[in-house]
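**Q** Just dropping this structure here.
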Amino acid sequence: MALSFCGNDDAYGVENGTLNNGCFVDALNLVPHVFLLFITFPILFIGWGSQSSKVQIHHNTWLHFPGHNLRWILTFSLLFVHVCEFAEGIVSNKTMGTNHLHLYMPAFMGFVAATTSVVYYHNIETSNFPKLLLVLFIYWVLAFITKSIKLWKYAEFDVGPQHLRFCITGLLVLLYGLLMSVEINVIRVRRYVFFANPQKVKPPEDLQDLGVRFLQPFVNLLSKATYWWMNPLIMGAHKRPIELKKIGKLPIAMRALTNYLRLKDAYEDQRTPEDPNRAPSIWRSMYRAFGRPILLSSTFRYLADLLGFAGPLCISGIVKFLKVEERNATSDKTMVGLMWISKLSNTSVLAVLLFLALILQRTFLQASYYVTIETGINLRGALLAMIYNKMLRLSTSNMSMGEMTLGQINNLVAIETNQLMWFLFLCPNLWAMPVQIVMGVILLYYLLGLSALVGASVIVLLAPIQYLIATKLADTQKSSLEHSTDRLKKTTEILKGIKLLKLYAWENIFCDSVEETRGKELTCLRTFALYTSMSIFMNAAIPIAAVLATFAMHHFINKSVPSPSEAFAALALFHILVTPLFLLSTVVRFAVKALVSVQKLGEFLQSDEIGDDSWRNGDMSVFLEAGKKHLGAVSPINRKQPMRYQMDNYEQPTRRPMRPSETEDVAVKVSNGFFTWGSNLSTLSDINIRIPTGQLTMIVGQVGCGKSSLLLAMLDTTESRLIQCKNRYSVAYATQKSWLLNATVEDNITFGSPFSKQRYKEVIDACSLQPDIDLLPFGDQTEIGERGINLSGGQRQRICVARALYQNTNIVFLDDPFSALDIHLSDHLMQEGILKFLQDDKRTVVMVTHKLQYLIHADWIIAMKDGSILREGTLKDIQTHDVELYDHWKTLMNRHDQELEKDIQQDSQTTLERKTLRRAFYSREAKSQVDDEDEEEEVEEEDDDNMSMTTNRRSKIPWKVCWCYMSSGGFFMVFLMVSSKLLKHSVIVAIDYWLALWTSSQTNQSLTNPDSYFLLVFIILCAAGITLCLITSLTVEFLGLSAATNLHHNLLNKIIHAPIRFFDVTPLGQILNRFSADTNIIDQHIPPTLESLTRSTLLCLSAIGVISSITPIFLIALIPLGIAFYFIQKYFRVASKDLQDLDDSTQLPLLCHFSETAEGLTTIRAFRHEARFKQRMLELTDTNNTAYLFLSAANRWLEVRTDYLGAVIVLAAAGASIWSLEYSLRSGMVGLGLTYALTVTNYLNWVVRNLADLEVQMSAVKKVNSFLSTESENYEGSMDASQVPENWPQDGEIKIQDLCVRYDPMLKPVLKHVNAYISPGQKVGICGRTGSGKSSLSLAFFNMVDIFEGRIVIDGIDICKLPLQTLRSRLSIILQDPVLFSGSIRFNLDPERTCTDDRLWEALEIAQLKNMVKALPGGLDAVVTEGGENFSVGQRQLFCLARAFVRKSSILIMDEATASIDMATENILQKVVMTAFADRTVVTIAHRVHTILTADLVIVMKRGNILEYDKPETLLEQEDGMFASFVKADM
């Protein structure tokens, strides 16, 4: 048939005037479209060609023409109307005799032109050429005029609103008019044409800053809605992992500082002048600061919820009209090919409407989620900054009197702020859900009448049970948390004392105690699993129950079954209703938690602060510029102090004001001081002191007389009454309890001051830190602090003193800088550091000390007693005026001097500390090649230039690990889970299928089965479905539980029985992580993820299966959809994993920064570094928030894409069913297919999200698994335990024959061919320099190291043949580091509970502890805290001795056991050992040589060989011998 524009039947003529010819009017309508296409195409192509030369990468997202969003919305509506016009034209054309192109051609061209206009506009806007917008303006005007002519002609010919064509034309006129006005507005604002001076605009700051990579606020509407700007990031993650550099900085509006100022203003504004002490409400300030985005999000949410109901209604429409669709279309000849508006009931139209409604609904929903999440993150940043600022101003008494403990502050940061953030995420649900539920119930009633209310009431009545289960879950989680903390504490103790446990063969006792706690924890987890499965069960079973109740009632009330259209619309509505009800319980729970959190926050923000004047260096000078930009005025920042400070304070610590010596001779003066730690407990009273400038002042006195408090008072942090403290200089301060930052050694010492190499070197030498630094793996760039390398007390203290020395300040306060140092170091520090370095610099030094021998160096002395000043003056003054005090000091000094003589140079405390440090690193480097699989993998990845390989590895799902997890759960459980899941889903499909048969049976009279038969089968199926729901939810949870039980059990056993080498090589933190974080993931996170994943996958598969079986043609559409889905999930999983890692890794520094600030408050305030720390906190918060924002944006990216795929599936299903109608399809089946297609949209994104989560969580299983492959020690031995004589070793005779020992087959031997013979009862001393193999020999007796040649024979039995348990339980050893476990004293001496009380008392008596233990409450059952902290180091060492005495073995080995005991006690011990162990063999590894002078035999070792071997007397005669030289050095 010939195509012609006006058709071939002469329907048109021009006799009645040109404009009355319909075809001509339509042709006129083509003109503007063609005009636009002709002009814009060349410009676009030229523009695109030239655009590549522009490099301003960031401005291409800059949108600055007014009315931007409105234009996009209008253009999209225009496109939609054009599609309607085109469809209407095609349908009308069918009724004509010949083809009339003019009916649909202009509509098609209009569509193309509208699309072009928006592309063109976008390009002009991003390249900033506003003059080119004139083209669009002309187009809108022309289109408006031509369409108006058409509308006017229609009205003349009586085509009214009842005709579809009239309505469409009217809409188009309206849209063109609006677009025209938008264009006029742009001209009005930007004046780019018709005006002399166009307005200049600059892009916003964020876009000028290339570091800002989060573009959501700046991109155009389409990209905002679909997260198109995320594509490069998510696709790129495949090639190389996303790092912090890639995600850049936050836009200014989202930074913590901006939001903090917003929240703080809202908070402070509530304090009225009339009532300044009123506590401002946090809720109100949150509403004022963040109310608007929440309202916006709620609007989106309401729109989405209302559009959600379009689904069921469209389904009911499609099913209804498929039944009545006749094959004849009536034509109406009023005017050529007009369609009536009633024709809207066409199924194809409904299918398209359904598709559009779904797309819009999903877009709105994701927009709502995104807005709340962004607001939640902003709120969290603001709250963190508020808490931090408050913390810096907390009065010290609050911290020390325990009103605000560190734990509470950490909870506020880690828990309460997150709770509030989550509450914000969920709060739009609070008001959206009730509306959704009410609407749903109304629609159900409209569809099914009264019976629907029965079904709805089932849902509503079961909701409270959900809430109940949710609260129960929270409680169980709490109690299981308590047990797991307990278990962790025990595990930590075991790992810290593992060497002792192995030497005493006590591993199993301690292992059992952990297992017992784990048992309690598992009981909680079992309850938890039960409640979780109940909750899952309710969620799955409620819709089935509701459907059952509804249809059964309908059957009894109406005696008939609803039509397919009603039934399936109702089914879809029930699915919609269940979600809000299930979520409601969660939301209510979060709301309750949020209330509690706000209350805690309120209390914290109201607690006492220190006076404003110590806060003088202000609220953040650095941010002055930032503040101006956003708030228009500086008022909120500059409220507390004059402008001057703000500009200076940031530099303040680094510049020294003029030399004080020129101004006055007193640096600090306190008159009538009265200081308290709050609550009126007077600490210091009536204090009058002056501290002379440029001199060394010492403060002395007994423990607890207020020396440190006096220092703090001078630093302004106690609550002071009636005090004039003159202290206006910069201060450096070193606390008694050393405080380190989590940073490098260098950063800890410079502490924010500029780095000067020479000064740094001097300070390090003065504090003799160089040898320690040389031991660290990266020198002074090594991370120390909580998360870094653990340093010993003395090392930490020296770093703190170094920090005080390095700062260029007038006054240096040192609080007992020598407490953790041994004599040599303190002397060196005193001479080099304090006398030379500080005094040469003429700095004022105030020092608290217990070392009275240094008083001779003091220029001024302040003696204190019980909170007041006893004396002040020079040493001479005190000698003349207060003889008594001077004599008292003198006796004390003598005592010190004696200690000095005794303290040995050979192996002082410091060398010991360095030794432990060196051991730690030596062993670590040796095995760093086998350190941690994960790191190894990452390294491989980086080396791997072959990109495709990496890509593959990163996108693979770890099936192996999953299989390992499943198999540890037990095969029976896995089988049960899989089969019950499959059964459940087939039954659910069967229920819906039966419903389709039943509802269609009314129309097809061929099925004569009575309704009651259908009903019965329906009830049976529903009951089976509900039962299966219960079974599946239980099996998944309990599968997870048994896997968790087995994994933890195996892990614990493996690790406890691992050789000692394993613990030297593996950092303790890494092992603990397996027991804490990883175990927690395996216990609580994997089972629900697994459940959710299997459920959503099976739902999607069953839905697709149902649709394909009803309309097989649907499979054609499925292929491209499947491919799209595969790529989306592949890209997303990789990116999500990276972003999740980033989120985790940025969270830890933030929490650490909070806790370390809380610990170091006094130091930070003394140095006046608050601003620097705030700045750091804001940076850390922003980094973490960036990672979190990107993670949630990536989730939105995924959801938008999967939702659109789901909408396409619905469209394809509807299209397929309409198209297959010719093959006599049952309408019930169509309803079934469409209802299923709707559920797919809900579950597709869950499949991917759960897959990604499971992948991250499985890495925990992988880590645990990597430990399960460690070798255990060989516990069996070649002899049976029963073959060993009961009382072996009886005599204690030891033969060492050609012994070679190494720690690991990969390492060099530490003992080389050692031969020795020790006869029974001999006392043997072994000495040698550090690292000569003394300790290794002692370990060899216990078979703790690899004896690869030679042997040790004790009483005729080669120890390598014995079972380890037997060997180790028959020998005794005392280690050099005392280890005590928490529990009772009895438990520490005898965990096996085999000894009588008398024997224990006897041992305590030998160890000189009897009287002390008698005095304790409970005697033998007195409590020992963790690590024995409630006893001094010396006492702990004595307990370890007692422990060795309790075990009456004939061989005792003492490994430098007296290192931490004072001389007097040590002498007693030596005597005891000689008497109590007269008949036993004692091997002593000597720390101080004089302890072994009385021995029967001395062995001197060097580099793993025996150098000298004889009686001590003989050895002393050899003048040039090693032993003789040791003894000389020792005397």
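For the structure tokens, the naming scheme is as follows: chains receive sequential letters (A, B, ...) according to their order of presentation, residues are indexed from 1 within each chain, and ligands are indexed from 1 in presentation order.
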Please provide as a list of chain:residue names all residues within 7 Å of Leu1515 of chain A, with the sequence filter that same-chain residues fewer than 5 positions apart are discarded (counting only C-alpha atoms).
**A**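 Surrounding residues, per the criterion: A:Asp1510, A:Phe1523, A:Ala1524.
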**Q** Go ahead and save the picked residues with C-alpha atoms, as a CSV table (one decimal), in the first residue's frame.
**A**
chain,number,residue,atom,x,y,z
A,1510,ASP,CA,84.0,-25.9,85.6
A,1523,PHE,CA,83.6,-15.7,83.8
A,1524,ALA,CA,86.2,-13.8,85.7
**Q** Taking the DSSP assignment computed from this structure's backbone, write out as a list in words all residues of segment 867-898 of chain A that belong to strand (DSSP E).
**A** Ser868, Ile869, Leu870, Arg871, Glu872 and Gly873 of chain A
**Q** Taking 4 positions as the minimum chain separation for residues in the same chain, which residues sit within 8 Å of segment 1190-1201 of chain A when counting only C-alpha atoms? Answer as a CSV table (one decimal) with all heavy atoms, in the first residue's frame.
**A**
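Output file out36.csv is given in full below:
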chain,number,residue,atom,x,y,z
A,214,PHE,N,33.1,13.3,44.8
A,214,PHE,CA,31.7,12.8,45.0
A,214,PHE,C,30.8,13.8,44.3
A,214,PHE,O,30.6,14.9,44.8
A,214,PHE,CB,31.5,12.8,46.5
A,214,PHE,CG,30.2,12.2,46.9
A,214,PHE,CD1,30.0,10.8,46.8
A,214,PHE,CD2,29.0,13.0,47.1
A,214,PHE,CE1,28.8,10.2,47.1
A,214,PHE,CE2,27.8,12.4,47.4
A,214,PHE,CZ,27.7,11.0,47.4
A,226,THR,N,20.0,8.1,38.3
A,226,THR,CA,20.5,6.8,38.0
A,226,THR,C,22.0,6.5,38.5
A,226,THR,O,22.5,5.5,38.2
A,226,THR,CB,20.5,6.5,36.5
A,226,THR,OG1,21.3,7.6,35.9
A,226,THR,CG2,19.1,6.6,35.9
A,227,TYR,N,22.6,7.6,39.1
A,227,TYR,CA,24.0,7.4,39.6
A,227,TYR,C,24.9,7.1,38.5
A,227,TYR,O,25.8,6.4,38.6
A,227,TYR,CB,24.0,6.4,40.7
A,227,TYR,CG,23.1,6.7,41.8
A,227,TYR,CD1,21.8,6.3,41.8
A,227,TYR,CD2,23.5,7.5,42.9
A,227,TYR,CE1,20.9,6.7,42.8
A,227,TYR,CE2,22.6,7.9,43.8
A,227,TYR,CZ,21.3,7.5,43.8
A,227,TYR,OH,20.5,7.9,44.8
A,228,TRP,N,24.6,7.7,37.3
A,228,TRP,CA,25.4,7.5,36.1
A,228,TRP,C,26.9,7.9,36.4
A,228,TRP,O,27.8,7.2,35.9
A,228,TRP,CB,24.9,8.2,35.0
A,228,TRP,CG,25.4,7.8,33.7
A,228,TRP,CD1,26.3,8.4,32.9
A,228,TRP,CD2,25.0,6.6,33.0
A,228,TRP,NE1,26.5,7.7,31.7
A,228,TRP,CE2,25.8,6.6,31.8
A,228,TRP,CE3,24.2,5.5,33.2
A,228,TRP,CZ2,25.7,5.5,30.9
A,228,TRP,CZ3,24.1,4.5,32.3
A,228,TRP,CH2,24.9,4.5,31.2
A,230,MET,N,28.7,7.4,38.8
A,230,MET,CA,29.5,6.4,39.5
A,230,MET,C,30.1,5.4,38.6
A,230,MET,O,31.0,4.6,39.0
A,230,MET,CB,28.6,5.6,40.5
A,230,MET,CG,28.0,6.4,41.6
A,230,MET,SD,29.1,6.5,43.0
A,230,MET,CE,29.2,4.8,43.5
A,234,ILE,N,33.0,2.4,39.5
A,234,ILE,CA,32.6,1.0,39.7
A,234,ILE,C,33.2,0.1,38.7
A,234,ILE,O,33.7,-1.0,39.0
A,234,ILE,CB,31.1,0.9,39.8
A,234,ILE,CG1,30.7,1.6,41.1
A,234,ILE,CG2,30.6,-0.5,39.8
A,234,ILE,CD1,29.2,1.5,41.4
A,247,ILE,N,38.7,8.1,46.0
A,247,ILE,CA,37.4,8.6,46.4
A,247,ILE,C,37.5,10.1,46.8
A,247,ILE,O,36.5,10.7,47.1
A,247,ILE,CB,36.7,7.8,47.4
A,247,ILE,CG1,37.5,7.7,48.7
A,247,ILE,CG2,36.3,6.4,46.9
A,247,ILE,CD1,36.8,6.9,49.8
A,362,ARG,N,10.6,3.2,41.6
A,362,ARG,CA,11.9,2.8,42.1
A,362,ARG,C,12.9,4.0,42.1
A,362,ARG,O,13.7,4.1,43.1
A,362,ARG,CB,12.5,1.7,41.1
A,362,ARG,CG,11.7,0.4,41.3
A,362,ARG,CD,12.0,0.0,42.7
A,362,ARG,NE,11.0,-1.1,43.1
A,362,ARG,CZ,11.2,-1.8,44.2
A,362,ARG,NH1,12.3,-1.6,44.9
A,362,ARG,NH2,10.4,-2.7,44.5
A,363,THR,N,12.8,4.9,41.1
A,363,THR,CA,13.6,6.1,41.2
A,363,THR,C,13.4,6.9,42.4
A,363,THR,O,14.3,7.3,43.1
A,363,THR,CB,13.4,6.9,39.9
A,363,THR,OG1,13.5,6.0,38.8
A,363,THR,CG2,14.5,8.0,39.7
A,366,GLN,N,14.7,5.1,45.6
A,366,GLN,CA,16.2,5.2,45.8
A,366,GLN,C,16.6,6.6,46.1
A,366,GLN,O,17.5,6.8,46.9
A,366,GLN,CB,16.9,4.8,44.5
A,366,GLN,CG,16.7,3.3,44.1
A,366,GLN,CD,17.0,2.3,45.2
A,366,GLN,OE1,17.8,2.6,46.1
A,366,GLN,NE2,16.4,1.2,45.2
A,370,TYR,N,18.6,7.7,49.4
A,370,TYR,CA,19.9,8.4,49.3
A,370,TYR,C,19.9,9.6,50.1
A,370,TYR,O,20.8,9.9,50.9
A,370,TYR,CB,20.2,8.8,47.8
A,370,TYR,CG,21.4,9.7,47.8
A,370,TYR,CD1,22.7,9.2,48.0
A,370,TYR,CD2,21.2,11.1,47.6
A,370,TYR,CE1,23.7,10.1,48.0
A,370,TYR,CE2,22.3,11.9,47.7
A,370,TYR,CZ,23.5,11.4,47.8
A,370,TYR,OH,24.6,12.3,47.9
A,373,ILE,N,20.2,8.8,53.8
A,373,ILE,CA,21.6,8.3,54.1
A,373,ILE,C,22.6,9.5,54.2
A,373,ILE,O,23.3,9.6,55.1
A,373,ILE,CB,22.0,7.3,53.1
A,373,ILE,CG1,21.3,6.0,53.5
A,373,ILE,CG2,23.5,7.0,53.3
A,373,ILE,CD1,21.6,4.8,52.6
A,1128,ILE,N,26.3,-6.4,35.8
A,1128,ILE,CA,26.0,-5.5,36.9
A,1128,ILE,C,26.5,-6.1,38.2
A,1128,ILE,O,27.3,-5.4,38.9
A,1128,ILE,CB,24.5,-5.1,37.0
A,1128,ILE,CG1,24.1,-4.3,35.9
A,1128,ILE,CG2,24.2,-4.5,38.3
A,1128,ILE,CD1,22.6,-4.0,35.8
A,1129,GLN,N,26.2,-7.3,38.5
A,1129,GLN,CA,26.6,-7.9,39.7
A,1129,GLN,C,28.1,-8.1,39.8
A,1129,GLN,O,28.7,-7.9,40.8
A,1129,GLN,CB,25.8,-9.2,40.0
A,1129,GLN,CG,26.0,-10.4,39.1
A,1129,GLN,CD,27.2,-11.2,39.4
A,1129,GLN,OE1,27.6,-11.4,40.6
A,1129,GLN,NE2,27.8,-11.8,38.4
A,1132,PHE,N,29.7,-4.7,40.5
A,1132,PHE,CA,29.3,-4.2,41.8
A,1132,PHE,C,30.0,-4.9,42.9
A,1132,PHE,O,30.4,-4.3,43.9
A,1132,PHE,CB,27.8,-4.3,42.0
A,1132,PHE,CG,27.4,-4.0,43.4
A,1132,PHE,CD1,27.3,-2.7,43.8
A,1132,PHE,CD2,27.1,-5.0,44.3
A,1132,PHE,CE1,26.9,-2.3,45.1
A,1132,PHE,CE2,26.7,-4.7,45.6
A,1132,PHE,CZ,26.6,-3.3,46.0
A,1135,ALA,N,33.6,-3.7,43.5
A,1135,ALA,CA,33.6,-2.3,44.0
A,1135,ALA,C,33.1,-2.2,45.4
A,1135,ALA,O,33.7,-1.6,46.3
A,1135,ALA,CB,32.8,-1.4,43.1
A,1136,SER,N,32.0,-3.0,45.7
A,1136,SER,CA,31.5,-3.0,47.0
A,1136,SER,C,32.4,-3.5,48.0
A,1136,SER,O,32.6,-2.9,49.1
A,1136,SER,CB,30.2,-3.8,47.0
A,1136,SER,OG,29.9,-4.2,48.3
A,1139,LEU,N,35.0,-0.8,48.7
A,1139,LEU,CA,34.5,0.3,49.5
A,1139,LEU,C,34.2,-0.1,50.9
A,1139,LEU,O,34.4,0.7,51.8
A,1139,LEU,CB,33.2,0.9,48.8
A,1139,LEU,CG,33.5,1.6,47.5
A,1139,LEU,CD1,32.2,1.9,46.8
A,1139,LEU,CD2,34.2,2.9,47.8
A,1140,GLN,N,33.8,-1.3,51.1
A,1140,GLN,CA,33.5,-1.8,52.5
A,1140,GLN,C,34.9,-1.8,53.2
A,1140,GLN,O,34.9,-1.4,54.4
A,1140,GLN,CB,32.9,-3.2,52.4
A,1140,GLN,CG,31.8,-3.3,53.4
A,1140,GLN,CD,30.8,-4.4,53.0
A,1140,GLN,OE1,30.9,-4.9,51.9
A,1140,GLN,NE2,30.0,-4.8,53.9
A,1143,ASP,N,35.8,1.6,54.2
A,1143,ASP,CA,34.9,2.1,55.3
A,1143,ASP,C,35.5,1.5,56.6
A,1143,ASP,O,35.7,2.2,57.6
A,1143,ASP,CB,33.5,1.7,55.1
A,1143,ASP,CG,32.6,2.1,56.2
A,1143,ASP,OD1,32.8,3.2,56.7
A,1143,ASP,OD2,31.7,1.3,56.7
A,1186,THR,N,33.4,9.9,53.7
A,1186,THR,CA,33.5,9.8,52.3
A,1186,THR,C,33.4,8.3,51.9
A,1186,THR,O,32.6,8.0,51.0
A,1186,THR,CB,34.9,10.3,51.8
A,1186,THR,OG1,35.2,11.5,52.4
A,1186,THR,CG2,34.8,10.5,50.3
A,1205,LEU,N,16.0,-3.3,35.6
A,1205,LEU,CA,15.9,-4.6,35.0
A,1205,LEU,C,14.6,-5.3,35.4
A,1205,LEU,O,13.9,-5.9,34.5
A,1205,LEU,CB,17.1,-5.5,35.5
A,1205,LEU,CG,18.4,-5.3,34.8
A,1205,LEU,CD1,19.4,-6.4,35.3
A,1205,LEU,CD2,18.2,-5.6,33.3
A,1245,ASN,N,17.9,-6.9,43.6
A,1245,ASN,CA,19.1,-6.3,44.2
A,1245,ASN,C,19.5,-7.0,45.5
A,1245,ASN,O,20.7,-7.0,45.8
A,1245,ASN,CB,18.8,-4.8,44.4
A,1245,ASN,CG,17.8,-4.5,45.5
A,1245,ASN,OD1,17.8,-5.1,46.6
A,1245,ASN,ND2,16.8,-3.7,45.1
A,1249,ARG,N,23.3,-7.8,46.6
A,1249,ARG,CA,23.8,-7.3,47.8
A,1249,ARG,C,24.3,-8.4,48.8
A,1249,ARG,O,25.3,-8.4,49.4
A,1249,ARG,CB,22.8,-6.4,48.5
A,1249,ARG,CG,22.4,-5.2,47.8
A,1249,ARG,CD,23.1,-3.9,48.3
A,1249,ARG,NE,22.9,-3.6,49.7
A,1249,ARG,CZ,22.1,-2.8,50.2
A,1249,ARG,NH1,21.2,-2.2,49.4
A,1249,ARG,NH2,22.1,-2.5,51.5
**Q** Got a sec: who's within 7 Å of Leu814 of chain A, counting only C-alpha atoms, leaving out chain neighbours fewer than 3 positions off, as a PyMOL selection string?
**A** chain A and resi 733-735+817+846-848
**Q** So that I can see what lies close to Leu1299 of chain A, please list as a PDB file with C-alpha atoms, in the first residue's frame the residues with an atom at most 9 Å from it, counting only C-alpha atoms and leaving out residues fewer than 2 positions away in the same chain.
**A**
ATOM      1  CA  ILE A1296      73.465 -33.506  77.242  1.00  0.00           C
ATOM      2  CA  GLN A1297      75.024 -35.265  74.254  1.00  0.00           C
ATOM      3  CA  VAL A1301      68.843 -26.866  68.521  1.00  0.00           C
ATOM      4  CA  LEU A1311      72.882 -24.305  70.027  1.00  0.00           C
ATOM      5  CA  LYS A1312      75.702 -26.103  68.251  1.00  0.00           C
ATOM      6  CA  HIS A1313      76.990 -29.492  69.524  1.00  0.00           C
ATOM      7  CA  VAL A1314      76.647 -28.833  73.238  1.00  0.00           C
ATOM      8  CA  ASN A1315      77.908 -31.543  75.607  1.00  0.00           C
ATOM      9  CA  ILE A1347      66.193 -30.702  68.574  1.00  0.00           C
ATOM     10  CA  PHE A1348      67.482 -31.888  65.235  1.00  0.00           C
ATOM     11  CA  GLU A1349      70.718 -33.548  66.363  1.00  0.00           C
ATOM     12  CA  GLY A1350      71.985 -35.026  69.608  1.00  0.00           C
ATOM     13  CA  ARG A1351      69.848 -35.721  72.636  1.00  0.00           C
ATOM     14  CA  ILE A1352      69.139 -34.890  76.273  1.00  0.00           C
TER      15      ILE A1352
END
**Q** Apply DSSP to the structure's backbone, then extract all residues of segment 994-1147 of chain A labelled alpha helix (DSSP H) and return them as a ChimeraX atom specification.
**A** /A:994-1000,1011-1056,1060-1065,1068-1073,1079-1080,1086-1110,1114-1147
**Q** In Å, rounded to a single decimal, give me how far atom CA of Glu1429 of chain A is from atom CA of Phe1154 of chain A.
**A**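 Taking atom CA of Phe1154 of chain A as the start and atom CA of Glu1429 of chain A as the end point, the length is 25.8 Å.
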**Q** Just the residues within 9 Å of Val141 of chain A, please, counting only C-alpha atoms, with nothing from its chain fewer than 2 positions along; format it as a PyMOL selection string.
**A** chain A and resi 32+136-139+143-146+176-177+180
**Q** Restricting the calculation to only C-alpha atoms, which member of A:His850, A:Ser607, A:Leu412, A:Asp206 is positioned closest to Asn277 of chain A?
**A** A:Ser607
**Q** With only C-alpha atoms as the basis for distance, which of A:Val812, A:Val666, A:Val31, A:Cys1100 is at the shortest distance from Leu1238 of chain A?
**A** A:Cys1100
**Q** Could you give me, as a PyMOL selection string, the residues within 9 Å of Cys1022 of chain A, counting only C-alpha atoms and dropping anything in the same chain fewer than 3 positions from it?
**A** chain A and resi 544-545+547-548+987-988+991+1017-1019+1025-1027
**Q** Go through A:Ala1058, A:Phe1014, A:Val1247, A:His33 one by one, measure the shortest atom-to-atom distance of each to Thr1094 of chain A using only C-alpha atoms, and give the residue with the smallest value.
**A**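 Looking at the shortest contact to Thr1094 of chain A, the residue is A:Val1247.
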**Q** Quick one: distance from atom CA of Thr258 of chain A to atom CA of Glu1179 of chain A in Å, one decimal?
**A**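 Value for the atom CA of Thr258 of chain A-atom CA of Glu1179 of chain A distance: 12.5 Å.
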**Q** Between A:Arg690, A:Lys865, A:Lys94, A:Lys239, which one has atoms that come closest to Thr844 of chain A, using only C-alpha atoms?
**A**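 Of A:Arg690, A:Lys865, A:Lys94, A:Lys239, the one nearest Thr844 of chain A, counting only C-alpha atoms, is A:Arg690.
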**Q** Given the choices A:Ala1486, A:Phe510, A:Cys6, A:Ile799, which gets closest to Thr98 of chain A if the distance is worked out from only C-alpha atoms?
**A** A:Cys6
**Q** So, counting only C-alpha atoms, which residue among A:Val1230, A:Ile1104, A:Leu430, A:Ile1020 is closest to Ser1217 of chain A?
**A**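 Closest candidate: A:Val1230.
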